[in-house]
Every structure is written in structure tokens, then in C-alpha cells.
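Engineer: Please see the structure below; I have some questions.
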Amino acid sequence: MLHQGNGGIQHRLGHPSIANYHQLPDPITTNTMTRRFSSLKAYKLDVLDDVLDSSVSVGRPTRNGKSANRNHRRKRKKKRSQSQQQTFTLPTTGPTGRPIMTESLLQNDTVLSSLPYDAKSNNPKNMLNSITKLKLQYTQHVGFDTAGPPGNQSFLATTHTTFEHDNKSVELVCTGMGRTKKLAEYYAAMDLIKALKEMGIDAKNPPDIRAVRKQRYEEQFQGMVARAQMLLECLGSSRPKFVVEEARGGGWQATVSLWLRGELFTAVGPVETNKAKSEGAALIEIMNRDGELVDSVNASEGRDVIQHYLDVIDASPGKHIAALRVEPLPNEVAWQMLDVIGPDNGRHEERMRAHERIKAEYEQRFGVSGRRHFRSRKQNKSTLDYDRINDALKNEEEQKLQLALDHPDGKHAKMKKLRDALPITAIRQELLNALKTDQVVVVSGGTGSGKSTQCPQYILEDALLSSKGAHTEIIVTQPRKIAAISVAERVADERNEKIGNSVGYSVRFHHKAAREAGGTVEFVTTGVLLNRIMNDPMLEGVSHVVIDEVHERDINTDFLLILLRDLLKQRPDLRVVLMSVRNSFSNYFNNINDSGECLHLSVPTAPRHPVEVFYLEDIMSMDQDVQELAQSLLKYHDEKLRSDLDEAEQEVAAALQLEARSHDEDEGLLLDSDTDSDSEDDYLSPTSPESRVKTLRRAVSFLSDEDNAISSGPNERVAGDSVVKLVSKLALHLSINEINSGRKGSILCFLPGWDEIKASTTALEEEADTEIRSKINILPLHSTIPQEDQQKVFVPADDGTVKVILATNIAESSVTIDDVLSVVDGGLVRELCYDAESAMSTMQTNPTSRASATQRLGRAGRVAPGKCYRLYSRGSFEAMPERPTPEIQRTALESTCLQTSTIAKEGIENFLGHAMDPPQSESVSIAVDRLVKLGALRIDERSERSELLTPLGRTLSRLPLDPACGRMLIMGVVMRCLDPCVTAAACFSSRNVFYNPPGCRDEAQEIRKSFSASSDTTAQILAYKQFWEKADQFGFQTACDWAKKNYISIAAMISIKAVRSQLLNELRNIGLLDHSDLEKTGYKQFELRADSNVNRYADNGLLYNAVLATSIPGNISSRRQLGSFGTLRTRTENHSGIHPSSVSFHRTPPRGITLSYTLDTLKGSSHPVHIIDDWIVAESSCDETMRCLQTARKDINAALEYKVMHPKHPLPLESQEAIDIICDMFDVLNYGSN
């Protein structure tokens, strides 16, 4: 317990005084009711009557006195009897209006009868006194009264119960009535149990107020200790030393001593119950506002410096701060920086004024002429003759129909017959009728029902034949380029015309427009339509929007649905058709149609051929080589399960250890320790593992003893190779069987990505003999291959041949291949996921969902009986998620918010809140806050839209990257260290460079540390650089051998190289890179020249690490300098730790210089005290150093803004000189650190 004086310390540290948690609240005093017995009252009245009677007879004799007295007594007794009957009517409610508990009420009470125990059979008073009172710590006063006529009276018991609930004092007044006191008190106790139950308190198991008070006290005490630590860190004190002794009367007392500004300060804390609390209490005591230390500091500063720091703590996001001591700059750069960017020489202010003028001119120009408008390809409709155009279009359509009737064996007739046989025909007229009255219609149907090709044609044909062709423009969205192009060509073929007449398409880098007269269908990707809405919000001239494959729920589709739902309210003539394999979208568009409900049309299921399904266990009975691969995959899954369990245990153990460390530090335990534990024994045996660990342990227990005996199975890379090989062997095996049986068609194989497709193609070409190879046509299907090659998958196979199509999930639903005989499902999908650790979106290979697996199965059995080989077990299938998570809920929202800011009139959060599955409000707020810190948005409360796009935001929106990562690239251009920045950006967007083989985790970790012991990103950058240097010097195979020895993913090296080339090309298109900075290494492949101007400081690790930090603003942390174990603080978390997989996990957290986004000066300071990102207090013994760093930050921001406003222009000479001197400073610092 705290002793006298602690309350004052708490108040001085900004906390309210803490009451002793053992002290109970003052009871509420009530007046006990006096007992009145009506029988005694009646007796007194009778005696009084006799006295009065005798006095009358003696004092006033009458002629008939005895008779008169008798009559008088009878009248008075009658009157008194009537008065008693009125006075003693039984009450039914207590003082507060609550019904009085009686026997009859108790028998019929529903609240008490619902209790899990029988309070009636036990003495409730004993239970309340032994359990409830002990935990609730209540005080109670009981009073009794009587009610009822003489001879038939009842006792009324009233209890006043006072206790603490939800940090408030609560009084319950309960009553009970019975023939005896004991019975009345029993009913009052039952009424109290009922009242507690109505408050949500179980009288048999109430909350323990003692524990609540104790916890509250502990939290306040720990908060005071943390504040004292933070204040000492900011003041720059030495690490406190403690001497703890046992107190004479029991308990422990600590004496603390520390050095501050050359003086030694000591303080003796009060007696506490344990050593840890005594150390914390001593730390609070030394920071007493009336103490020697505080007086000395304030006297030397000439101000209340402690209050300044307390104000910063209260204003910080996490209610905590970190201290950063900045060392003075070396003399060789300090004078140069002062000359160029010093705040007192006037050159810096002149640069800032010039920059503001340039910025104002740019904003004015952008607002007048920089806004893009949609340029319609249509002619000026005011000059068109609609009647003539409608007649011409109608005649053209009628001729096509007549041609099919006149030539039954012609192409038109055959195509019409095929179209009429599709299941979608059953809802044709119903769809057309619905679109006449309803704005939104949902069409659902399975794979191959004809939705994608027929619904747009039905709408177009009806409009043309109804003389409405000139006013009909249909836009159909597809999630992928290949789907948009292939469906467009299919529809054009069915209409017996070429692309460019009534059918067109528009995708990125490819465009074939339909005719300008009207009556057209244009197939586009979702992104193309989004871009058009951004520039043409009303979609002028568009009559119908058809969204295909809406069930895939990519973020662009969800974004488009929000825009269309708002647009429909402004354009009642617009019609929207949603097409999906299932209906889950009707409710989203309710109240749009006049009927109030969105019509749903379901396509009848077409008869299908049977499809036989084989799982991984079933494949074990096939050929020997297939068995070996299947067994290898099973081993991998077993080892992967054990590896996941080991990793989960390590992670949980680290979290538990961090929690224990945090508790010890908050308690003040071992505050004088200056060591960091590197022992792994502290991380191996968590006593209460998380549910994931329990699940994995239970899963491992199901493995057979034979499986458990396996010492090492294939690693992830080998397992990936096994999937590729197994797909190849199955495809070859199935192809041979189909060729021998005389069937022609396709074998459709699903693989996660392009690397696996290329590897499988190579394996098939190598294993097939010459004869079989001549009968097999291997066709890759991926979004990155040329359009002409993509279209080959739709060409029917020749007689005696088989197509082997190696595809990603693009073939699940986006495209339909008619002649699929068998499906080989790898069970994997590569999708974009948000990685909270790196604050980046990465492409990850994950198990597919059951809905997607069913879609893949449905590709077979359309033209003939088929087979589906699933390269995973039945258990794995059941463990898959039901359906994919909407992308808007599993990816970072910065890019989406950046797009939203250009169109959202009501604000970004409100706009995204209209989504079908809206993201969490906190996620949107974090994304907007991050964009503001990056400089991509600015908040203007005076504007109609509070979030406004900045010039930097406009440039970032053009880069296919997370905005923070894009800012890092632009910063790399400005600071002339682009090469490592591009590599880092490619690493963030690709798979992990390193992998951990089973059983070799520690060895792999040491190898990773050999590249960099302080940064995982730096380790990846150096690994990539060394790999390609070895490939250039000694050949690719030598580099691959080196990578295998160092557990480096070769596929990741290739992928990162490709992504780097794409990013460099994007920077060149924007104008941030000149052609002279790049050299072409292949088809659309680029690399930075070694002597490029943007690579001048690429070898300065300190500089590019500072630039890299700009891409992860939320991941900056600070060591708790007075903490015993070196845990970390972040902007929002007081306790955090490094992940066990990091190279820095067992490394002492660094102390160093940080350049961040915001650098503000603390007002009222006599020397520079700067606040970084609202929570880091930066100070230096050299005032010029802090002032130079502050002006350097402004110069860097100005150069960045200029570069995005004028990407093709060099920086102004003055600005370039400032940047060069800053880079030179990093050169000197980097040389000194080495």
C-alpha cells in the first residue's frame, strides 16, 4: 500500500491520488425505523377511555349518567375501530417504488427461477454474507417495521445495500414482508438477489471488487513508474541504481541513486510489499515535484521543463514518449551545412519562398487546365439523325436473323442453334422484361451457362430490333484482360462480324473501339471502367453496365459497386446487370428499383457429364514415379505442419516473454540491469499457448508413428518443385490416355503463378517422347503473356491431339474453354495480401478456397465425362476457407483511399462505408493518417472534401505500388540512391528471399545474419546484389549453387529482377528517370546503369536505410532506455518486440539518429527540443546540429515536391546544392560508423 506522501507525488506526475485498494468506501448512513406495536397503542387508548369515563361520572353527575357513559364509550370504540382499519392496510411497494417481496411473489418470480442454483432451498442471507459481501465489499443496514391490524400483523424488513459497480457507488433498497422477522429478512434477501441479477450480477459468483480495486491501483502505480522513467530518459539521466533492504516492520524499502548533468541525486522510497514495488516507489519519489532533482533541473533551465514533457506525454498518441539524443555533427560537415542550409544565413528561407511560389503556380495551373475530362469517341449527338440510324441498325439486325432462316446449314444458323441450346436462354425474356422497369438485375448461374456472352447480346439485340440502337451503349466489365478480349472476340464471332463493328474491347495497352453510331457492346476490365468514371462521373451515353464475375470481389469491383449505386440515384435511365455464380448481391441494391427489391434471376443448371474426383491419397495407387512425388508432397505437408507448430511456439513464447518483461519493467523490477538476455531457454516453453498452437499440436498428434519417424522431408522449394513435377506427370499421363482412347480436347492444369507454369512446361517438353510430343500442344495461360498466345487456348484441338493448358486461377471463371476433359488442381492460389509487419502488400501463395476448388472442378464434364485430380488430401479440402475473403478486407487501403480522395464528396471513410463489406473504420483512419504523413493528402476542413490530393499524391497514384513504397522510390531518385531502393520495393512486392529448411532454422538464421545483423531488408538487398554479381561473373549455374548453400530462393531472385524492371519502366514513363539512366537487357527488360546520376550514393548504407525508413512510418520503434530488458516502444504501443524470425531478434535494439516525416519544435524551450512524429523527443547538446537537421528536413521535402511537380526537370541549383550537402553528411557519418 502507498504511504503518506504518495498522493502528492501522483498529483504532481499528472495522476489523481490513488485510494488504498484495501480501504472500503464510506457507508451510507440511514435512520433505522422505530418499532411501533399497535397492540400497545390500543391498550393505552383503552386505559385512557376508562379514566375519562370515571372523570365524567364523578365530575358531572347526570340523571341517567351510567347509560350516557356507556353510549359514549361505544361511539368512541366504533370510531377507533374504523380508524385502525384504515391505518393498517398492508403496503405493496417499498420506499423506492419496488414491489415488496412476499411469499406469493417469490413463488411466481421468473428472475429468481432462472438462476442456475436454488437460492430458496438455502439460507440466502448466509450466501450473501459468505460470498457476495466478501467479493462485492458491500455495506448493509437493516430496518424493521410492522403492518396490518392488531392480531394479524406482518413484519416489513428493509435493507439498504451500498457497493461499488462500474466505478460508481450504487445503493439498492430491497424489502420483504413476512409473519416473523426472520421470514421478512429472508424475503428481503431474496429481493436483493433478484435486484443484483437484474443488474447482471450473480450473487453466487459476483465480481471481486477487491481484485478490481487492486488492479486499478496497480495500473495507476505502473503508469506513474512509466512516467518517471520517461521523464528521466528525456532529461538524459544515468541508469538508476537501487539498494533494496527489508524494512523493520515488514515489507521492503528501496534507495535510488542516479547521475544527472554532473550531479548525484538520491531518494528513499516508502515501504512496499515487495522489492519490485519498492524500486518503482523510489523512482516516483526521486521525481517528486518538490524534490531536489526537479528543483535543480527547473533552476538550470529557467522554466518548468518537467511540465513541458508531461504535456508532450499527454498529447502523444500512445500516452508515452521516447527520448532521442542526437550527437553533434562532425566538424568537417557542420560548417558546410551551416553555410548552405543553416537557418541564419538567409539562403534556406529564400529557397523556401521560391518553392512556395512554384508550388502555388503549379496548383493554379493544375486547377485550371490540369483536370482531365473524358473524351467521348461519339460524334456530336445534336447533329445525328436518330431515326435514320435506328432504322439502319434495325435493318442490319433483321438481315442477320433472316440469313439464319434462309440458310439452315450456314454459319448464322449453326451459331444460333448453339446459342439457343445454352441454359441462359430460359431467362432471356424475363431478363429483358425486368430491365424495362428495374434499374438493377442480378443473374446467377454456374460455369458454362452462357452468362458472359449471351446477356449482353440479348440486351443489344432487343434494343436494335426495337429501334433504340442509337441510344444503346453497353459496357461489360471483366476482372482480367484475357477475359475481356476473349469474350469480345467470341461475341463478335457469334454475331458473324469482326471486332470494331457492334463489339469492341478496351484493356490496358490494347484497345479496339466499336462503331460510333451506337448499338454497341464494349468489353473492358474493371480498372478501365473505373478510370472512365473518375473522368466522366455520369457515364454519359452509357445505357447499360454489366459486371461479370462479381463474386470474385476484387477491390476494384467493390469500388465500382459503390460508385454505381450512387450513380443510379442520379441516372434513373441507367441499367445495371450483375452476373455471378451465386447470388449474394441482391440486398446491396435494394431500394434502387421501384419495387424496393433487387430482382434475382437464376439460370437453370444444365445437364452435365459426370466428373470423377481423385485426391492426393488416391493418386498413390498410380505409376511408381507419380507415387514417389505424391509421397514426397505428403512428407512435405507433415514437415510443414511440424515447422508451423515450432514457429508458432516460438512466436507465442516470445510474446509471453515480452509480456513478462513488460510487467517486470512496469513493476520496476531490476531497473538497474543493463543486460539483454540472449538465452533461447527463455523462449522455448510457453505455459499457456495460443489456440493456434493447440490446434497445430492436436494436428501433429494425428500423424502416424511412421510419419513421425521421418527426420527431414523436402523443403518448401523442393515441395514446390514436386507440385510442378506431379502436375507435369499427371498431365502427360492423362494426355497419353486420351490420345489412346481417340478423344481430343484439353487437360486443364491449375498452378499458382508464372514461375510454376514455365517449370511445368519445361518438364513436359523434356519427359514426352518425340511421338507423344507431336500430339500434345502445351499452352500457358497467364495475364503477362502476349494476347495472341492467350487466345490459342480457345482454338479446338485437332483430331488425335490434346491441349495441355497450364493456367493460374484466371481459368476458374473468367474464361471458358469448351473442350476440357480433365482438370489437375494444384490447390494453390497467389493473391495479394497485406503484411502488417512490413506495412506492405505482398503476393503470397496460399491454399485456395472450397468455392474456387468447386469452380475448378466445374471446368470438366461439359462435353464428355471427365476427371479432376486434386493435389491435396480430403482433410485439406475440408480445412480450406469456404470462400475467398473480399480483397477490400485483406489488403492495405492506402491506394484505395488515394483513388477515393479524387471523387468522394462526403469524405473517404463515409464513401468506403457504403461498400458491400466495408473495411473497418479504424483501418480507413489509419490509411488516411498514413497518407497525410506521407504528404499524399492534406486535410482542409474548409473544403467540401476534407481530404485533398497533393502533387505527390497524384504521382503516387500512377505507380503500381503501395503509396509509402512509391514515395521511397521518388525519395531514392531525389537522394541519388535509387538502386537499393528499387530492390527493396521489389522485395516488398515479391516472395521472401530467404527460406528456412526443416530442421535448419538456426543455421539459416546465422546465414541471414551474415548479410546483415541489423536489418532484414538490408540482408535481402545484399543477397540480391551478390547473386546477380556472381551470375554475371561466373555464370547463372554458379550463382544458383551459391544460393542453395545460403538458403536463398532462386525463384525470388528471378521474380525480384522482373519486378525491378517494371518499376524502372514506370519511373521512366512518369519522367523521373531519363533514358540515359537505363540500359535495355531484354524484351521490355531494363536495368539501371552503374554510372547513372541517380546511383551516385547507392553504396551509402546509412543513406539508403534512412530512405527505406520513409516507407514504414508505423514501424519505427525506440528502445526503452531505462528498461531492464531493452523492450521497445512504438508510436502507439508502450511495449513491443522484434519478431523471432528477424535477424535483429536477439540483438540489442539500436540507438541512433532518425529522420522522420514531421519535425516540430517544442514551444517554450530555451534550447532546441524537437518532437518527431508526435512521440519522439529529440535533443542534442549542439543547438546548431538540431537546427540544421530541421532545415534539412524542409529542404528534402521541398526537393521531393518539386520533383513530382516537374518530374522531367532537374532540381533548381540551390535545391540540388542543399541535397548534395545532406548526402555528403551521410557519407561522412557512414564512413565514421564503419
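Residue numbers start at 1 in each chain; chains themselves are named A, B, ... in the order of the C-alpha cells; ligands are numbered from 1 in the order shown.
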Please run DSSP on the backbone and report, as an MDAnalysis selection string, all residues within segment 375-589 of chain A that come out as alpha helix (DSSP H).
Structural biologist: chainID A and resid 386:406 411:420 428:437 451:465 481:494 526:535 555:570
Engineer: Counting only C-alpha atoms, what is within 7 Å of Leu324 of chain A, bar same-chain residues fewer than 3 positions away, as a PDB file with N, CA and C atoms, in the first residue's frame?
Structural biologist:
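Output contents, as saved in result-v4.pdb:
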```pdb
ATOM      1  N   ILE A1176       8.433  11.232 -30.264  1.00  0.00           N
ATOM      2  CA  ILE A1176       9.865  11.117 -30.025  1.00  0.00           C
ATOM      3  C   ILE A1176      10.422  12.497 -29.703  1.00  0.00           C
ATOM      4  N   VAL A1177      11.014  12.644 -28.525  1.00  0.00           N
ATOM      5  CA  VAL A1177      11.616  13.896 -28.090  1.00  0.00           C
ATOM      6  C   VAL A1177      13.099  13.867 -28.458  1.00  0.00           C
ATOM      7  N   ALA A1178      13.474  14.692 -29.394  1.00  0.00           N
ATOM      8  CA  ALA A1178      14.857  14.711 -29.883  1.00  0.00           C
ATOM      9  C   ALA A1178      15.579  15.932 -29.332  1.00  0.00           C
ATOM     10  N   GLU A1179      16.735  15.687 -28.727  1.00  0.00           N
ATOM     11  CA  GLU A1179      17.540  16.751 -28.163  1.00  0.00           C
ATOM     12  C   GLU A1179      19.007  16.513 -28.500  1.00  0.00           C
TER      13      GLU A1179
END
```
Engineer: Just want the 9 Å neighbourhood of Arg565 of chain A, counted on only C-alpha atoms, with same-chain residues fewer than 4 positions away dropped. Output as an MDAnalysis selection string.
Structural biologist: chainID A and resid 560:561 569 588:589 592
Engineer: Between atom CA of Met579 of chain A and atom CA of Ser444 of chain A, measure the distance and give it in Å to one decimal.
Structural biologist: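 Distance reported for this atom pair: 5.7 Å.
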Engineer: Can you list every residue in segment 226-345 of chain A that DSSP puts in strand (DSSP E), as a VMD selection string?
Structural biologist: chain A and resid 241 to 246 252 to 260 263 to 268 322 to 326
Engineer: Could you save the residues just selected, with N, CA, C and O atoms, as an mmCIF file, in the first residue's frame?
Structural biologist:
```cif
data_model
loop_
_atom_site.group_PDB
_atom_site.id
_atom_site.type_symbol
_atom_site.label_atom_id
_atom_site.label_comp_id
_atom_site.auth_asym_id
_atom_site.auth_seq_id
_atom_site.Cartn_x
_atom_site.Cartn_y
_atom_site.Cartn_z
ATOM 1 N N LYS A 241 20.441 3.263 -9.972
ATOM 2 C CA LYS A 241 20.948 2.164 -9.160
ATOM 3 C C LYS A 241 20.096 2.063 -7.899
ATOM 4 O O LYS A 241 19.777 3.075 -7.267
ATOM 5 N N PHE A 242 19.740 0.828 -7.529
ATOM 6 C CA PHE A 242 18.840 0.610 -6.403
ATOM 7 C C PHE A 242 19.523 -0.228 -5.333
ATOM 8 O O PHE A 242 20.265 -1.167 -5.635
ATOM 9 N N VAL A 243 19.224 0.127 -4.111
ATOM 10 C CA VAL A 243 19.596 -0.681 -2.949
ATOM 11 C C VAL A 243 18.305 -0.966 -2.194
ATOM 12 O O VAL A 243 17.663 -0.037 -1.676
ATOM 13 N N VAL A 244 17.925 -2.229 -2.127
ATOM 14 C CA VAL A 244 16.661 -2.620 -1.510
ATOM 15 C C VAL A 244 16.961 -3.343 -0.203
ATOM 16 O O VAL A 244 17.753 -4.293 -0.173
ATOM 17 N N GLU A 245 16.320 -2.904 0.862
ATOM 18 C CA GLU A 245 16.504 -3.506 2.174
ATOM 19 C C GLU A 245 15.151 -3.864 2.768
ATOM 20 O O GLU A 245 14.133 -3.222 2.465
ATOM 21 N N GLU A 246 15.169 -4.853 3.626
ATOM 22 C CA GLU A 246 13.949 -5.260 4.312
ATOM 23 C C GLU A 246 13.641 -4.265 5.421
ATOM 24 O O GLU A 246 14.501 -3.926 6.241
ATOM 25 N N TRP A 252 9.477 -3.935 2.141
ATOM 26 C CA TRP A 252 10.775 -3.614 1.546
ATOM 27 C C TRP A 252 10.846 -2.128 1.247
ATOM 28 O O TRP A 252 9.848 -1.494 0.900
ATOM 29 N N GLN A 253 12.058 -1.589 1.369
ATOM 30 C CA GLN A 253 12.280 -0.174 1.123
ATOM 31 C C GLN A 253 13.518 -0.017 0.240
ATOM 32 O O GLN A 253 14.551 -0.641 0.497
ATOM 33 N N ALA A 254 13.405 0.811 -0.805
ATOM 34 C CA ALA A 254 14.474 0.963 -1.782
ATOM 35 C C ALA A 254 15.042 2.366 -1.739
ATOM 36 O O ALA A 254 14.322 3.351 -1.531
ATOM 37 N N THR A 255 16.352 2.441 -1.963
ATOM 38 C CA THR A 255 17.039 3.712 -2.124
ATOM 39 C C THR A 255 17.583 3.784 -3.541
ATOM 40 O O THR A 255 18.252 2.856 -4.002
ATOM 41 N N VAL A 256 17.276 4.857 -4.268
ATOM 42 C CA VAL A 256 17.665 5.009 -5.656
ATOM 43 C C VAL A 256 18.691 6.135 -5.763
ATOM 44 O O VAL A 256 18.593 7.147 -5.058
ATOM 45 N N SER A 257 19.653 5.944 -6.643
ATOM 46 C CA SER A 257 20.656 6.983 -6.910
ATOM 47 C C SER A 257 20.921 7.035 -8.405
ATOM 48 O O SER A 257 20.903 5.995 -9.083
ATOM 49 N N LEU A 258 21.142 8.226 -8.930
ATOM 50 C CA LEU A 258 21.420 8.402 -10.358
ATOM 51 C C LEU A 258 22.179 9.698 -10.571
ATOM 52 O O LEU A 258 22.155 10.605 -9.743
ATOM 53 N N TRP A 259 22.860 9.776 -11.714
ATOM 54 C CA TRP A 259 23.611 10.974 -12.094
ATOM 55 C C TRP A 259 22.831 11.724 -13.159
ATOM 56 O O TRP A 259 22.318 11.150 -14.111
ATOM 57 N N LEU A 260 22.746 13.023 -12.997
ATOM 58 C CA LEU A 260 22.073 13.873 -13.963
ATOM 59 C C LEU A 260 22.808 15.201 -14.051
ATOM 60 O O LEU A 260 22.936 15.923 -13.048
ATOM 61 N N GLU A 263 25.509 15.855 -11.471
ATOM 62 C CA GLU A 263 25.162 15.815 -10.056
ATOM 63 C C GLU A 263 24.602 14.447 -9.698
ATOM 64 O O GLU A 263 23.955 13.798 -10.518
ATOM 65 N N LEU A 264 24.844 14.044 -8.445
ATOM 66 C CA LEU A 264 24.323 12.776 -7.931
ATOM 67 C C LEU A 264 23.080 13.067 -7.102
ATOM 68 O O LEU A 264 23.102 13.904 -6.187
ATOM 69 N N PHE A 265 22.008 12.360 -7.427
ATOM 70 C CA PHE A 265 20.747 12.528 -6.710
ATOM 71 C C PHE A 265 20.343 11.187 -6.107
ATOM 72 O O PHE A 265 20.487 10.134 -6.759
ATOM 73 N N THR A 266 19.832 11.235 -4.895
ATOM 74 C CA THR A 266 19.360 10.030 -4.214
ATOM 75 C C THR A 266 17.996 10.304 -3.605
ATOM 76 O O THR A 266 17.632 11.458 -3.337
ATOM 77 N N ALA A 267 17.249 9.225 -3.416
ATOM 78 C CA ALA A 267 15.934 9.329 -2.773
ATOM 79 C C ALA A 267 15.597 7.981 -2.164
ATOM 80 O O ALA A 267 16.013 6.930 -2.668
ATOM 81 N N VAL A 268 14.867 8.034 -1.047
ATOM 82 C CA VAL A 268 14.415 6.828 -0.357
ATOM 83 C C VAL A 268 12.911 6.712 -0.535
ATOM 84 O O VAL A 268 12.161 7.657 -0.228
ATOM 85 N N ALA A 322 9.428 8.837 -26.284
ATOM 86 C CA ALA A 322 10.762 8.243 -26.301
ATOM 87 C C ALA A 322 11.780 9.368 -26.470
ATOM 88 O O ALA A 322 11.500 10.380 -27.123
ATOM 89 N N ALA A 323 12.920 9.171 -25.880
ATOM 90 C CA ALA A 323 13.975 10.184 -25.945
ATOM 91 C C ALA A 323 15.011 9.794 -26.986
ATOM 92 O O ALA A 323 15.428 8.634 -27.058
ATOM 93 N N LEU A 324 15.395 10.756 -27.810
ATOM 94 C CA LEU A 324 16.425 10.546 -28.832
ATOM 95 C C LEU A 324 17.530 11.576 -28.624
ATOM 96 O O LEU A 324 17.306 12.786 -28.760
ATOM 97 N N ARG A 325 18.720 11.122 -28.266
ATOM 98 C CA ARG A 325 19.864 12.000 -28.079
ATOM 99 C C ARG A 325 20.658 12.041 -29.378
ATOM 100 O O ARG A 325 21.185 11.024 -29.834
ATOM 101 N N VAL A 326 20.702 13.183 -29.997
ATOM 102 C CA VAL A 326 21.374 13.363 -31.286
ATOM 103 C C VAL A 326 22.790 13.869 -31.039
ATOM 104 O O VAL A 326 22.983 14.918 -30.410
#
```
Engineer: Would you list the contacts of segment 448-462 of chain A as number ranges by chain, taking every protein, DNA or RNA residue within 6 Å and counting only C-alpha atoms, but skipping same-chain residues closer than 4 positions in sequence?
Structural biologist: A: 423-424, 491
Engineer: Within 7 Å of segment 307-317 of chain A, counting only C-alpha atoms, which residues show up once you throw out same-chain ones fewer than 5 positions away? Write them as a list in words, please.
Structural biologist: Leu231, Arg1131, Thr1132, Asp1174 and Trp1175 of chain A
Engineer: Mind writing the picked residues with N, CA, C and O atoms as a JSON list (two decimals), in the first residue's frame?
Structural biologist:
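Saved result, selection.json, follows:
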```json
[["chain", "number", "residue", "atom", "x", "y", "z"],
["A", 231, "LEU", "N", 10.43, 10.58, -18.02],
["A", 231, "LEU", "CA", 10.98, 11.89, -17.69],
["A", 231, "LEU", "C", 12.49, 11.80, -17.50],
["A", 231, "LEU", "O", 13.23, 12.67, -17.96],
["A", 1131, "ARG", "N", 4.94, 4.16, -31.74],
["A", 1131, "ARG", "CA", 4.12, 5.38, -31.64],
["A", 1131, "ARG", "C", 2.85, 5.13, -30.83],
["A", 1131, "ARG", "O", 2.36, 6.01, -30.14],
["A", 1132, "THR", "N", 2.30, 3.91, -30.91],
["A", 1132, "THR", "CA", 1.04, 3.62, -30.24],
["A", 1132, "THR", "C", 1.15, 2.55, -29.17],
["A", 1132, "THR", "O", 0.22, 2.38, -28.39],
["A", 1174, "ASP", "N", 5.12, 13.12, -33.24],
["A", 1174, "ASP", "CA", 4.23, 13.32, -32.08],
["A", 1174, "ASP", "C", 4.63, 12.53, -30.84],
["A", 1174, "ASP", "O", 3.92, 12.57, -29.84],
["A", 1175, "TRP", "N", 5.78, 11.80, -30.86],
["A", 1175, "TRP", "CA", 6.06, 11.00, -29.66],
["A", 1175, "TRP", "C", 7.55, 10.84, -29.36],
["A", 1175, "TRP", "O", 7.92, 10.36, -28.29]]
```
Engineer: Name all residues at most 7 Å from Thr848 of chain A (count only C-alpha atoms; drop same-chain ones fewer than 2 positions away) and give them as a PyMOL selection string.
Structural biologist: chain A and resi 827-829+846+850+852-853+880
Engineer: Produce a file of the selected residues containing N, CA, C and O atoms, as a CSV table (one decimal), in the first residue's frame.
Structural biologist:
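And here's out_19.csv as it stands now:
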```
chain,number,residue,atom,x,y,z
A,827,GLY,N,-4.3,-26.8,-56.1
A,827,GLY,CA,-4.8,-26.4,-54.8
A,827,GLY,C,-4.2,-25.1,-54.2
A,827,GLY,O,-4.3,-24.8,-53.0
A,828,LEU,N,-3.5,-24.3,-55.0
A,828,LEU,CA,-2.8,-23.1,-54.6
A,828,LEU,C,-3.3,-21.9,-55.4
A,828,LEU,O,-3.7,-22.1,-56.6
A,829,VAL,N,-3.2,-20.8,-54.8
A,829,VAL,CA,-3.5,-19.5,-55.5
A,829,VAL,C,-2.6,-18.4,-55.0
A,829,VAL,O,-2.2,-18.4,-53.8
A,846,ASN,N,-1.1,-19.1,-51.2
A,846,ASN,CA,-2.0,-19.7,-50.2
A,846,ASN,C,-2.9,-20.8,-50.7
A,846,ASN,O,-3.1,-20.9,-51.9
A,850,ARG,N,-12.7,-23.5,-50.9
A,850,ARG,CA,-13.5,-24.6,-51.4
A,850,ARG,C,-14.4,-24.1,-52.6
A,850,ARG,O,-14.7,-24.9,-53.5
A,852,SER,N,-13.5,-21.9,-54.8
A,852,SER,CA,-12.7,-21.9,-56.0
A,852,SER,C,-12.4,-23.4,-56.5
A,852,SER,O,-12.3,-23.6,-57.7
A,853,ALA,N,-12.2,-24.3,-55.5
A,853,ALA,CA,-11.9,-25.7,-55.9
A,853,ALA,C,-13.1,-26.2,-56.6
A,853,ALA,O,-13.0,-27.0,-57.6
A,880,MET,N,-10.0,-26.0,-45.9
A,880,MET,CA,-10.0,-24.7,-46.7
A,880,MET,C,-11.1,-23.8,-46.3
A,880,MET,O,-12.1,-24.2,-45.9
```
Engineer: Would you write out, as a tab-separated table, a table of all residues in segment 812-921 of chain A that have an atom no more than 10 Å from an atom of segment 947-959 of chain A, listing for each the closest atom pair and the distance in Å to one decimal, considering only C-alpha atoms and ordering rows by chain and rising residue number?
Structural biologist:
```
residue	atom	partner	partner_atom	distance
A:Glu894	CA	A:Ser957	CA	10.0
A:Ser895	CA	A:Ser957	CA	7.1
A:Thr896	CA	A:Ser957	CA	9.4
A:Cys897	CA	A:Glu947	CA	9.7
A:Leu898	CA	A:Ser957	CA	6.7
A:Gln899	CA	A:Ser957	CA	7.2
A:Thr900	CA	A:Glu947	CA	9.6
A:Ser901	CA	A:Glu947	CA	6.3
A:Thr902	CA	A:Leu949	CA	7.0
A:Ala904	CA	A:Glu947	CA	9.0
A:Lys905	CA	A:Glu947	CA	9.4
A:Glu906	CA	A:Glu947	CA	9.7
A:Gly907	CA	A:Glu947	CA	6.8
A:Ile908	CA	A:Glu947	CA	7.5
```
